[in-house]
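See below for the structure under consideration.
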2 protein chains.
Amino acid sequence: MSAAERALDQVLRLTLALEQDMTSSLARVGLTPARSHVLWLLVAEGPSPQVALARALDVTPRNVTGLVDGLERDGFVTREPDPSDRRAQRVTLTPRGREVADGLVAGRSTLAAQLFAGLSAERVESIGSDLELLAARVEALVAEAAG
Amino acid sequence: MSAAERALDQVLRLTLALEQDMTSSLARVGLTPARSHVLWLLVAEGPSPQVALARALDVTPRNVTGLVDGLERDGFVTREPDPSDRRAQRVTLTPRGREVADGLVAGRSTLAAQLFAGLSAERVESIGSDLELLAARVEALVAEAAG
DNA sequence: CTTCATCGTGTAGGTGCTTCATCATCTGCT
DNA sequence: AGCAGATGATGAAGCACCTACACGATGAAG
């Protein structure tokens with residue numbers, strides 16, 4: 001097995017472990033990965049119509065309806081009429097939703113700190129740019145495959 | 001945003017892109033990620049009882065039943081009686097299944113080569129060990145959370 | 001030979017995703 | 001103003017992946 005294949009294996013191992021870690025962390029606060037993405041967006045963008053969420057998440061609007069259904073049922077968001085478009089539903093964080101969403105942001109910082117603890121700033125920067133290169137290459141492959 | 005957070009963002013970006021790339025590649029040969037894992041195992045381990053697959057995949061045996069149902073329906077595997085245990089079903093690759101599974105192995109090599117093309121051997125090794133460190137740390141977090 | 005563990009699967013259900021159809025509303029063009 | 005077509009959200013139907021629980025069949029150990 002080549003060095004590149006070994007490195008790829010480590011990437012896959014990392015992705016698998018990260019997914020497990022994030023899924024279990026989210027479950028502890030009553031969230032799933034997909035629903036947490038919605039909260040994340042709402043923190044970043046503020047109250048948004050569902051179609052905007054669908055575009056940002058790269059999923060169908062129908063799917064956002066379902067995700068928001070779950071978040072609404074669990075008290076994280078509410079649907080409110082959009083003042084500028086009577087067709088649209090503006091999804092808005094409840095106080096509890098904002099609390100949990102802020103926890104997500106904090107959790108991300110904590111995870112970053114744990115992952116790179118004890119590494120010099122230069123090392124972290126270097127790892128970051130390596131990862132950026134890899135990510136860009138995979139994205140290019142995806143774009144190529146799609147186009 | 002700290003350097004660590006920026007690096008973590010690149011990890012997440014990489015995982016997202018990789019998932020998209022792999023999912024679409026697999027779809028082209030009529031496979032889903034979960035079903036491809038089963039094929040991958042069958043290549044590595046040879047014909048296996050379903051309970052062994054469940055343990056290796058870290059999912060419930062019931063789930064393996066469903067995955068094998070799909071693979072069987074699509075002609076990738078067959079269920080055969082286990083000669084040493086009449087309760088067990090030995091899952092075996094069909095010729096077509098083996099062909100596709102060999103393609104998966106080849107695809108992984110190709111992807112590794114594309115990802116690390118143009119990088120020196122030392123650089124690839126270095127990236128690999130960085131990734132290994134990160135993966136180990138995340139796995140430690142997962143184990144801690146589970147325990 | 002009885003008891004207990006194990007293998008696979010039926011049933012039921014939750015989540016995430018899709019396509020297609022539909023209704024209400026918005027928008028641009030005449 | 002009025003109409004045609006685009007757009008926002010959702011119902012219906014369906015697939016993939018996963019779970020827990022229950023059960024029948026078989027294995028293994030006393």
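Every chain in the structure tokens takes a letter, A first, then B, and so on in the order presented; its residues are numbered from 1, and the ligands are numbered from 1 following the presented order.
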
Skipping near chain neighbours, those fewer than 6 positions away, what residues fall within 12 Å of segment 17-28 of chain B using only C-alpha atoms (C1' of nucleotides), listed as an MDAnalysis selection string? (chainID A and resid 8 11:12 14:16 19 58 131:132 134:146) or (chainID B and resid 10:11 34:37 39 100:101 103:105 107:108 110:112 115)

Near chain C, which residues of chain A fall within 7 Å when you count only C-alpha atoms (C1' of nucleotides), and what do they look like as a PyMOL selection string? chain A and resi 63+86-87

One-decimal distance in Å that lies between atom CA of Phe116 of chain B and atom CA of Arg123 of chain A: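 Here the two named atoms are 19.4 Å from each other.
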
What are the DSSP strand (DSSP E) residues of segment 4-96 of chain A, as a count of residues only? 17

When you count only C-alpha atoms, which of these residues is closest to Glu72 of chain A: A:Ala54, A:Thr92, A:Val59, A:Trp40?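 So, comparing all the options, the nearest one is A:Thr92.
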
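Atom CA of Ala3 of chain A lies 6.2 Å from atom CA of Glu125 of chain B.
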
Using atom CA of Thr32 of chain B and atom CA of Phe76 of chain B as the two end points, give the distance in Å to one decimal.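 That distance, rounded to one decimal, is 12.4 Å.
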
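Using only C-alpha atoms for every distance, the candidate list B:Glu99, B:Glu45, B:Asp69, B:Glu122 yields B:Glu122 as the residue closest to chain A.
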
Please return, as a ChimeraX atom specification, all residues of segment 29-131 of chain A that DSSP assigns to alpha helix (DSSP H) on the basis of the backbone. /A:33-45,50-57,61-73,95-115,121-131
